[in-house]
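The next block is model_16.csv, given as CSV, C-alpha atoms and all ligand atoms.
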chain,number,residue,atom,x,y,z
A,76,MET,CA,-187.2,-38.6,-32.1
A,77,THR,CA,-187.9,-37.7,-28.5
A,78,HIS,CA,-188.3,-41.4,-27.7
A,79,ILE,CA,-184.6,-41.6,-26.7
A,80,LYS,CA,-185.1,-38.9,-24.1
A,81,ASN,CA,-188.1,-40.7,-22.8
A,82,ASN,CA,-186.3,-44.1,-22.8
A,83,LEU,CA,-183.4,-42.6,-20.9
A,84,SER,CA,-185.6,-41.1,-18.2
A,85,HIS,CA,-187.4,-44.5,-17.9
A,86,VAL,CA,-184.1,-46.3,-17.5
A,87,GLN,CA,-183.0,-43.7,-14.9
A,88,GLN,CA,-186.2,-44.4,-13.0
A,89,GLN,CA,-185.5,-48.1,-13.1
A,90,ILE,CA,-182.1,-47.5,-11.7
A,91,GLN,CA,-183.5,-45.3,-9.0
A,92,LEU,CA,-186.1,-47.9,-8.0
A,93,ALA,CA,-183.5,-50.6,-7.9
A,94,CYS,CA,-181.3,-48.4,-5.7
A,95,ASN,CA,-184.2,-47.6,-3.4
A,96,LYS,CA,-184.9,-51.3,-3.0
A,97,ALA,CA,-181.2,-52.0,-2.3
A,98,ASN,CA,-180.9,-49.1,0.1
A,99,ARG,CA,-178.3,-47.5,-2.1
A,100,ASP,CA,-177.7,-43.9,-3.1
A,101,HIS,CA,-178.7,-43.7,-6.8
A,102,HIS,CA,-175.6,-41.5,-7.5
A,103,SER,CA,-173.5,-44.6,-6.8
A,104,VAL,CA,-174.7,-46.2,-10.0
A,105,ASN,CA,-173.7,-44.8,-13.4
A,106,LEU,CA,-175.6,-45.5,-16.6
A,107,LEU,CA,-173.5,-46.5,-19.6
A,108,ALA,CA,-175.6,-46.0,-22.7
A,109,VAL,CA,-174.5,-48.7,-25.2
A,110,SER,CA,-174.7,-47.0,-28.6
A,111,LYS,CA,-173.2,-49.8,-30.8
A,112,THR,CA,-174.6,-49.9,-34.3
A,113,LYS,CA,-176.6,-46.7,-33.6
A,114,PRO,CA,-176.1,-43.5,-35.6
A,115,CYS,CA,-174.5,-40.3,-34.4
A,116,VAL,CA,-177.9,-38.5,-34.4
A,117,ALA,CA,-179.1,-40.9,-31.8
A,118,ILE,CA,-176.0,-40.4,-29.6
A,119,GLU,CA,-176.4,-36.6,-30.0
A,120,GLU,CA,-180.0,-36.8,-28.8
A,121,ALA,CA,-179.0,-38.8,-25.8
A,122,TYR,CA,-176.3,-36.3,-25.0
A,123,LEU,CA,-178.7,-33.4,-25.3
A,124,ALA,CA,-180.9,-35.2,-22.8
A,125,GLY,CA,-177.9,-35.3,-20.4
A,126,GLN,CA,-176.3,-38.6,-21.0
A,127,ARG,CA,-172.5,-38.5,-21.0
A,128,ALA,CA,-171.1,-42.1,-20.9
A,129,PHE,CA,-171.4,-44.2,-24.1
A,130,GLY,CA,-170.4,-47.8,-24.7
A,131,GLU,CA,-169.2,-49.1,-28.0
A,132,ASN,CA,-168.2,-52.6,-29.2
A,133,TYR,CA,-167.1,-52.4,-32.8
A,134,LEU,CA,-163.9,-50.5,-33.3
A,135,GLN,CA,-164.0,-49.2,-36.8
A,136,GLU,CA,-167.6,-48.0,-36.4
A,137,SER,CA,-166.9,-46.4,-33.1
A,138,VAL,CA,-163.7,-44.6,-34.1
A,139,GLU,CA,-165.7,-42.9,-37.0
A,140,LYS,CA,-168.5,-41.9,-34.7
A,141,ILE,CA,-166.1,-40.6,-32.0
A,142,ALA,CA,-164.5,-38.3,-34.6
A,143,GLN,CA,-167.8,-37.1,-35.9
A,144,LEU,CA,-169.0,-36.4,-32.4
A,145,ALA,CA,-165.9,-34.5,-31.2
A,146,HIS,CA,-168.1,-31.5,-30.4
A,147,LEU,CA,-169.8,-33.4,-27.6
A,148,SER,CA,-167.0,-32.2,-25.4
A,149,GLU,CA,-168.1,-34.0,-22.2
A,150,ALA,CA,-168.9,-37.3,-23.7
A,151,SER,CA,-166.8,-40.3,-22.4
A,152,TRP,CA,-166.3,-43.3,-24.6
A,153,HIS,CA,-166.1,-46.8,-23.1
A,154,PHE,CA,-164.9,-49.8,-25.1
A,155,ILE,CA,-166.9,-52.9,-24.1
A,156,GLY,CA,-166.3,-55.4,-26.9
A,157,PRO,CA,-163.8,-58.2,-27.2
A,158,ILE,CA,-160.3,-56.9,-28.0
A,159,GLN,CA,-157.9,-58.2,-30.7
A,160,SER,CA,-154.3,-57.3,-30.0
A,161,ASN,CA,-153.9,-55.5,-33.3
A,162,LYS,CA,-156.7,-53.1,-32.3
A,163,THR,CA,-155.1,-51.9,-29.1
A,164,LYS,CA,-153.6,-48.7,-30.6
A,165,LEU,CA,-156.9,-47.4,-31.9
A,166,ILE,CA,-158.6,-48.2,-28.6
A,167,ALA,CA,-155.9,-46.5,-26.5
A,168,GLU,CA,-156.1,-43.4,-28.7
A,169,ASN,CA,-159.9,-43.0,-28.8
A,170,PHE,CA,-161.4,-44.3,-25.6
A,171,SER,CA,-161.2,-43.2,-21.9
A,172,TRP,CA,-162.4,-46.5,-20.5
A,173,VAL,CA,-161.9,-50.2,-21.5
A,174,HIS,CA,-164.1,-52.8,-19.7
A,175,THR,CA,-162.9,-55.9,-21.4
A,176,ILE,CA,-159.3,-56.6,-20.6
A,177,ASP,CA,-158.9,-60.4,-20.4
A,178,ARG,CA,-155.2,-61.0,-20.8
A,179,ALA,CA,-151.8,-59.5,-20.0
A,180,LYS,CA,-150.8,-58.9,-23.7
A,181,ILE,CA,-153.8,-56.6,-24.1
A,182,ALA,CA,-153.0,-54.6,-21.0
A,183,ILE,CA,-149.4,-54.2,-22.0
A,184,ARG,CA,-150.2,-53.1,-25.5
A,185,LEU,CA,-152.9,-50.6,-24.4
A,186,ASN,CA,-150.3,-49.2,-21.9
A,187,GLU,CA,-147.7,-48.8,-24.7
A,188,HIS,CA,-150.1,-47.1,-27.0
A,189,ARG,CA,-151.6,-44.7,-24.5
A,190,SER,CA,-149.8,-41.5,-24.8
A,191,ASP,CA,-148.0,-40.2,-21.7
A,192,GLN,CA,-149.7,-36.9,-22.4
A,193,ASP,CA,-153.1,-38.3,-22.0
A,194,THR,CA,-154.8,-39.1,-18.7
A,195,PRO,CA,-154.3,-42.8,-17.9
A,196,LEU,CA,-156.8,-45.2,-19.6
A,197,ASN,CA,-159.4,-46.4,-17.0
A,198,VAL,CA,-159.7,-50.2,-17.2
A,199,CYS,CA,-161.8,-53.0,-15.9
A,200,LEU,CA,-160.8,-56.6,-16.1
A,201,GLN,CA,-163.5,-58.9,-17.5
A,202,VAL,CA,-164.3,-62.0,-15.5
A,203,ASN,CA,-166.0,-65.0,-17.1
A,204,ILE,CA,-168.0,-65.5,-13.9
A,205,SER,CA,-170.4,-68.1,-15.4
A,206,SER,CA,-167.5,-70.0,-17.1
A,207,GLU,CA,-169.1,-69.9,-20.5
A,208,ASP,CA,-167.1,-71.1,-23.5
A,209,SER,CA,-168.7,-68.4,-25.6
A,210,LYS,CA,-167.6,-65.5,-23.4
A,211,SER,CA,-164.2,-63.9,-22.9
A,212,GLY,CA,-162.8,-63.1,-19.5
A,213,VAL,CA,-160.5,-64.5,-17.0
A,214,SER,CA,-161.6,-67.0,-14.4
A,215,LYS,CA,-161.9,-66.0,-10.7
A,216,ASP,CA,-158.5,-67.3,-9.7
A,217,GLU,CA,-156.7,-65.4,-12.5
A,218,VAL,CA,-158.0,-62.0,-11.4
A,219,LEU,CA,-155.3,-61.0,-8.9
A,220,ALA,CA,-152.4,-61.9,-11.2
A,221,LEU,CA,-153.8,-59.9,-14.1
A,222,ALA,CA,-154.7,-57.0,-11.8
A,223,GLN,CA,-151.0,-56.9,-10.6
A,224,ILE,CA,-149.9,-56.6,-14.3
A,225,ILE,CA,-152.4,-53.8,-15.0
A,226,ASN,CA,-151.5,-52.0,-11.8
A,227,ASP,CA,-147.8,-51.9,-13.0
A,228,CYS,CA,-148.8,-50.2,-16.2
A,229,LYS,CA,-148.3,-46.5,-15.7
A,230,ASN,CA,-150.7,-45.4,-18.4
A,231,LEU,CA,-153.5,-47.6,-17.1
A,232,THR,CA,-155.7,-47.1,-14.0
A,233,LEU,CA,-157.2,-50.2,-12.6
A,234,ARG,CA,-160.8,-49.3,-11.9
A,235,GLY,CA,-162.4,-52.7,-11.3
A,236,LEU,CA,-164.2,-55.6,-12.8
A,237,MET,CA,-166.7,-56.3,-15.5
A,238,ALA,CA,-168.9,-59.3,-16.0
A,239,ILE,CA,-171.7,-60.6,-18.2
A,240,PRO,CA,-173.4,-63.3,-16.0
A,241,GLU,CA,-175.2,-66.0,-18.0
A,242,LYS,CA,-178.9,-65.7,-18.6
A,243,GLN,CA,-180.9,-66.6,-15.5
A,244,ALA,CA,-177.8,-66.6,-13.4
A,245,PRO,CA,-178.7,-66.9,-9.6
A,246,GLN,CA,-178.1,-63.9,-7.4
A,247,SER,CA,-175.1,-65.7,-5.9
A,248,THR,CA,-173.3,-65.2,-9.2
A,249,TYR,CA,-173.7,-61.5,-8.9
A,250,GLU,CA,-172.7,-61.6,-5.2
A,251,GLU,CA,-169.5,-63.5,-6.2
A,252,MET,CA,-168.6,-60.7,-8.5
A,253,ASN,CA,-169.2,-58.2,-5.7
A,254,ALA,CA,-167.0,-60.1,-3.3
A,255,LEU,CA,-164.2,-60.4,-5.9
A,256,CYS,CA,-164.4,-56.6,-6.4
A,257,ASP,CA,-164.1,-56.0,-2.7
A,258,LEU,CA,-161.1,-58.3,-2.6
A,259,LEU,CA,-159.5,-56.3,-5.4
A,260,LYS,CA,-160.3,-53.0,-3.6
A,261,ALA,CA,-158.5,-54.2,-0.6
A,262,HIS,CA,-155.3,-54.6,-2.7
A,263,TYR,CA,-155.7,-51.6,-5.0
A,264,PRO,CA,-157.1,-48.3,-3.8
A,265,SER,CA,-157.9,-47.2,-7.4
A,266,VAL,CA,-160.6,-49.8,-7.6
A,267,ASP,CA,-164.1,-48.4,-7.4
A,268,THR,CA,-166.0,-49.9,-10.3
A,269,LEU,CA,-168.1,-53.0,-10.8
A,270,SER,CA,-169.5,-53.0,-14.4
A,271,MET,CA,-172.4,-55.5,-14.3
A,272,GLY,CA,-176.0,-55.5,-15.3
A,273,MET,CA,-177.9,-55.0,-18.6
A,274,SER,CA,-181.6,-54.4,-19.4
A,275,ASN,CA,-182.8,-57.7,-18.1
A,276,ASP,CA,-180.7,-58.1,-15.0
A,277,LEU,CA,-180.3,-54.5,-13.8
A,278,GLU,CA,-182.1,-54.9,-10.5
A,279,VAL,CA,-180.1,-57.9,-9.3
A,280,ALA,CA,-176.9,-56.3,-10.4
A,281,ILE,CA,-177.6,-53.1,-8.5
A,282,LYS,CA,-178.6,-55.2,-5.5
A,283,SER,CA,-175.2,-56.9,-5.7
A,284,GLY,CA,-173.1,-53.7,-5.8
A,285,ALA,CA,-172.9,-52.8,-9.5
A,286,THR,CA,-171.6,-49.2,-10.1
A,287,ILE,CA,-172.0,-49.2,-13.9
A,288,VAL,CA,-174.9,-50.7,-15.7
A,289,ARG,CA,-174.7,-51.1,-19.5
A,290,ILE,CA,-177.9,-50.5,-21.3
A,291,GLY,CA,-178.4,-50.4,-25.1
A,292,SER,CA,-181.7,-51.3,-26.7
A,293,ALA,CA,-183.9,-50.0,-23.8
A,294,ILE,CA,-182.4,-46.5,-24.7
A,295,PHE,CA,-181.8,-46.6,-28.4
A,296,GLY,CA,-184.3,-49.3,-29.5
A,297,ALA,CA,-183.6,-52.8,-30.9
A,298,ARG,CA,-180.6,-53.3,-33.1
A,299,ALA,CA,-180.9,-54.6,-36.6
A,301,LIG,C1,-174.6,-54.8,-26.3
A,301,LIG,C2,-174.0,-54.9,-25.0
A,301,LIG,C3,-174.8,-54.3,-23.9
A,301,LIG,C4,-176.2,-53.7,-24.0
A,301,LIG,O1,-177.1,-54.7,-24.4
A,301,LIG,P1,-178.6,-54.3,-24.6
A,301,LIG,O2,-179.3,-55.7,-24.7
A,301,LIG,O3,-178.7,-53.6,-25.9
A,301,LIG,O4,-179.1,-53.5,-23.5
A,301,LIG,C5,-174.2,-54.4,-22.6
A,301,LIG,N1,-173.0,-54.9,-22.4
A,301,LIG,C6,-172.2,-55.4,-23.4
A,301,LIG,C7,-170.9,-56.0,-23.2
A,301,LIG,C8,-172.8,-55.4,-24.7
A,301,LIG,O5,-172.0,-55.9,-25.7
How does the structure come out when it is put into structure tokens?
Ligand SMILES: *Cc1c(COP(=O)(O)O)cnc(C)c1O
Amino acid sequence: MTHIKNNLSHVQQQIQLACNKANRDHHSVNLLAVSKTKPCVAIEEAYLAGQRAFGENYLQESVEKIAQLAHLSEASWHFIGPIQSNKTKLIAENFSWVHTIDRAKIAIRLNEHRSDQDTPLNVCLQVNISSEDSKSGVSKDEVLALAQIINDCKNLTLRGLMAIPEKQAPQSTYEEMNALCDLLKAHYPSVDTLSMGMSNDLEVAIKSGATIVRIGSAIFGARA
């Protein structure tokens, strides 16, 4: 089972290479290991190899795994799937990050369900940058209005933007996201995150300013 450790170091090398090409410090890019559908043993193995941030999409499955992995005390859990409003309580209680806020109602409900005793939930707003019907996310011109609502929620910290550009998207799409993130930064000092880039577009995403790349199958193997 040492393949996960090897895969992780391979992905870290890819990140480093992309950072070198882009003249960026590799510490400025964080790897989110997407562990959806993968068993706890696989996550434990990645943790033992030094991985700390894990991304999950399916709520029921992830809540069970998070409970079983409570002993991984430094693990941080990022919710990266579409959000139904009746699921916001479980998300607010179990995760430290949410990448996929796409409407005010979700932000308000996450804020209500996040305990005042907890640190604020770190959130990114999802942008449907390629305007695909199949993808969630706000359009570019809705970003500032939704950001304002999130910023007013005291149990949420607005960290930035998330996008899944369409397959074969040109570099300009990635640059657009970067510019949008810079605009948001100028309004809100808490913004420091651009969650963008998966296995097949990691290099262009890093070239265009991504600070979190989300990689699943290249670490844990193909999903069934
Ligand atoms: C599944 C998923 C990933 C990882 O995809 P892989 O193809 O397994 O690398 C990244 N981001 C999101 C939003 C996902 O749902």
### Minimum-distance residue to Ala97 in chain A, chosen among A:Asp177, A:Glu251, A:Asp227, A:Glu278 (using all atoms listed in the file)
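Among A:Asp177, A:Glu251, A:Asp227, A:Glu278, it is A:Glu278 that comes nearest to Ala97 in chain A.
Using only C-alpha atoms, the shortest contact distance between Gln89 in chain A and any of A:Ala244, A:Ala124, A:Val198, A:Leu106 is found at A:Leu106.
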What are the nearest atom pairs, with distances in Å to one decimal, for all residues of chain A that come at most 8 Å from ligand LIG 301 (chain A), using all atoms listed in the file, set out by chain and rising residue number as CSV?
residue,atom,partner,partner_atom,distance
A:Ala108,CA,A:LIG301,C4,7.8
A:Val109,CA,A:LIG301,C4,5.4
A:Lys111,CA,A:LIG301,C1,6.9
A:Gly130,CA,A:LIG301,C3,7.9
A:Glu131,CA,A:LIG301,O5,7.7
A:Asn132,CA,A:LIG301,O5,6.1
A:Ile155,CA,A:LIG301,C7,5.1
A:Gly156,CA,A:LIG301,O5,5.8
A:Ile239,CA,A:LIG301,C7,6.8
A:Gly272,CA,A:LIG301,C5,7.6
A:Met273,CA,A:LIG301,O4,5.3
A:Ser274,CA,A:LIG301,O4,4.9
A:Asn275,CA,A:LIG301,O2,7.7
A:Val288,CA,A:LIG301,C5,7.9
A:Arg289,CA,A:LIG301,C5,4.6
A:Ile290,CA,A:LIG301,O4,3.9
A:Gly291,CA,A:LIG301,O3,3.3
A:Ser292,CA,A:LIG301,O3,3.9
A:Ala293,CA,A:LIG301,O4,5.9
A:Ile294,CA,A:LIG301,O4,7.8
A:Gly296,CA,A:LIG301,O3,7.9
A:Ala297,CA,A:LIG301,O3,7.0
A:Arg298,CA,A:LIG301,O3,7.5
### Message
Considering only C-alpha atoms, can you say which of A:Leu107, A:Ser190, A:Ser137, A:Gln243 comes closest to Met271 in chain A?
### Response
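Going through A:Leu107, A:Ser190, A:Ser137, A:Gln243 one by one, the smallest distance to Met271 in chain A is for A:Leu107.
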### Query
Which residues, protein or nucleic acid, reach to within 12 Å of (-169.1, -32.8, -29.6) in the file's coordinates when using only C-alpha atoms, and can you give that as a PyMOL selection string?
chain A and resi 115-116+118-120+122-123+127+140-152
#### Entry: For Asp267 in chain A: contacts at 12 Å, all atoms listed in the file, fewer than 2 positions along chain excluded, given as number ranges by chain
A: 103-105, 197-199, 232-237, 253, 256-265, 269-270, 284-287
Coordinates of range 252-265 of chain A, all heavy atoms, as a CSV table (one decimal), in the first residue's frame:
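Generated file (decode.csv):
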chain,number,residue,atom,x,y,z
A,252,MET,N,-9.9,34.2,-13.6
A,252,MET,CA,-10.2,33.8,-12.2
A,252,MET,C,-9.2,34.5,-11.3
A,252,MET,O,-9.5,35.0,-10.2
A,252,MET,CB,-10.1,32.3,-12.0
A,252,MET,CG,-11.3,31.5,-12.4
A,252,MET,SD,-12.8,32.0,-11.5
A,252,MET,CE,-12.4,31.8,-9.8
A,253,ASN,N,-7.9,34.6,-11.7
A,253,ASN,CA,-6.9,35.2,-10.9
A,253,ASN,C,-7.2,36.7,-10.8
A,253,ASN,O,-7.1,37.3,-9.7
A,253,ASN,CB,-5.5,35.0,-11.6
A,253,ASN,CG,-4.4,35.3,-10.7
A,253,ASN,OD1,-4.5,35.2,-9.4
A,253,ASN,ND2,-3.3,35.7,-11.2
A,254,ALA,N,-7.6,37.3,-11.8
A,254,ALA,CA,-8.0,38.8,-11.8
A,254,ALA,C,-9.2,39.0,-10.8
A,254,ALA,O,-9.2,40.0,-10.1
A,254,ALA,CB,-8.3,39.3,-13.2
A,255,LEU,N,-10.1,38.1,-10.9
A,255,LEU,CA,-11.3,38.2,-10.1
A,255,LEU,C,-10.9,38.1,-8.6
A,255,LEU,O,-11.4,38.8,-7.7
A,255,LEU,CB,-12.3,37.1,-10.5
A,255,LEU,CG,-13.8,37.3,-10.3
A,255,LEU,CD1,-14.3,38.6,-10.8
A,255,LEU,CD2,-14.5,36.1,-10.9
A,256,CYS,N,-10.0,37.2,-8.3
A,256,CYS,CA,-9.5,37.0,-7.0
A,256,CYS,C,-8.7,38.2,-6.5
A,256,CYS,O,-8.9,38.6,-5.3
A,256,CYS,CB,-8.6,35.7,-6.9
A,256,CYS,SG,-8.4,35.0,-5.3
A,257,ASP,N,-8.0,38.8,-7.3
A,257,ASP,CA,-7.3,40.0,-7.0
A,257,ASP,C,-8.2,41.2,-6.6
A,257,ASP,O,-8.0,41.9,-5.7
A,257,ASP,CB,-6.3,40.5,-8.1
A,257,ASP,CG,-5.0,39.7,-8.2
A,257,ASP,OD1,-4.7,39.0,-7.1
A,257,ASP,OD2,-4.4,39.7,-9.2
A,258,LEU,N,-9.3,41.2,-7.4
A,258,LEU,CA,-10.3,42.2,-7.2
A,258,LEU,C,-11.0,42.0,-5.8
A,258,LEU,O,-11.2,43.0,-5.0
A,258,LEU,CB,-11.4,42.1,-8.3
A,258,LEU,CG,-12.6,43.1,-8.1
A,258,LEU,CD1,-12.2,44.5,-8.4
A,258,LEU,CD2,-13.7,42.6,-9.1
A,259,LEU,N,-11.2,40.8,-5.5
A,259,LEU,CA,-11.9,40.4,-4.2
A,259,LEU,C,-10.9,40.8,-3.0
A,259,LEU,O,-11.3,41.3,-2.0
A,259,LEU,CB,-12.2,38.9,-4.2
A,259,LEU,CG,-13.3,38.5,-3.2
A,259,LEU,CD1,-14.6,39.2,-3.5
A,259,LEU,CD2,-13.5,37.0,-3.3
A,260,LYS,N,-9.6,40.5,-3.2
A,260,LYS,CA,-8.6,40.8,-2.2
A,260,LYS,C,-8.6,42.3,-1.9
A,260,LYS,O,-8.4,42.7,-0.8
A,260,LYS,CB,-7.2,40.4,-2.8
A,260,LYS,CG,-6.6,39.2,-2.2
A,260,LYS,CD,-5.2,39.0,-2.8
A,260,LYS,CE,-5.1,37.6,-3.2
A,260,LYS,NZ,-3.9,37.3,-4.1
A,261,ALA,N,-8.7,43.1,-3.0
A,261,ALA,CA,-8.7,44.5,-2.8
A,261,ALA,C,-9.9,45.0,-1.9
A,261,ALA,O,-9.7,46.0,-1.2
A,261,ALA,CB,-8.7,45.2,-4.1
A,262,HIS,N,-11.0,44.3,-1.9
A,262,HIS,CA,-12.1,44.6,-1.1
A,262,HIS,C,-12.0,44.0,0.3
A,262,HIS,O,-12.5,44.6,1.3
A,262,HIS,CB,-13.4,44.2,-1.7
A,262,HIS,CG,-13.9,45.0,-2.8
A,262,HIS,ND1,-13.4,44.9,-4.1
A,262,HIS,CD2,-14.8,46.0,-2.9
A,262,HIS,CE1,-14.0,45.8,-4.9
A,262,HIS,NE2,-14.9,46.5,-4.2
A,263,TYR,N,-11.5,42.8,0.4
A,263,TYR,CA,-11.5,42.0,1.7
A,263,TYR,C,-10.2,41.5,2.0
A,263,TYR,O,-9.7,40.6,1.3
A,263,TYR,CB,-12.6,40.9,1.5
A,263,TYR,CG,-13.9,41.3,1.2
A,263,TYR,CD1,-14.4,41.1,-0.1
A,263,TYR,CD2,-14.7,42.0,2.1
A,263,TYR,CE1,-15.7,41.6,-0.5
A,263,TYR,CE2,-16.0,42.5,1.8
A,263,TYR,CZ,-16.5,42.2,0.5
A,263,TYR,OH,-17.7,42.7,0.1
A,264,PRO,N,-9.5,42.0,3.1
A,264,PRO,CA,-8.2,41.5,3.4
A,264,PRO,C,-8.1,40.1,3.8
A,264,PRO,O,-7.0,39.5,3.8
A,264,PRO,CB,-7.8,42.5,4.6
A,264,PRO,CG,-9.0,43.1,5.0
A,264,PRO,CD,-10.0,43.1,3.9
A,265,SER,N,-9.2,39.4,4.1
A,265,SER,CA,-9.1,38.0,4.5
A,265,SER,C,-8.9,37.1,3.3
A,265,SER,O,-8.7,35.9,3.5
A,265,SER,CB,-10.4,37.6,5.3
A,265,SER,OG,-11.6,37.8,4.4
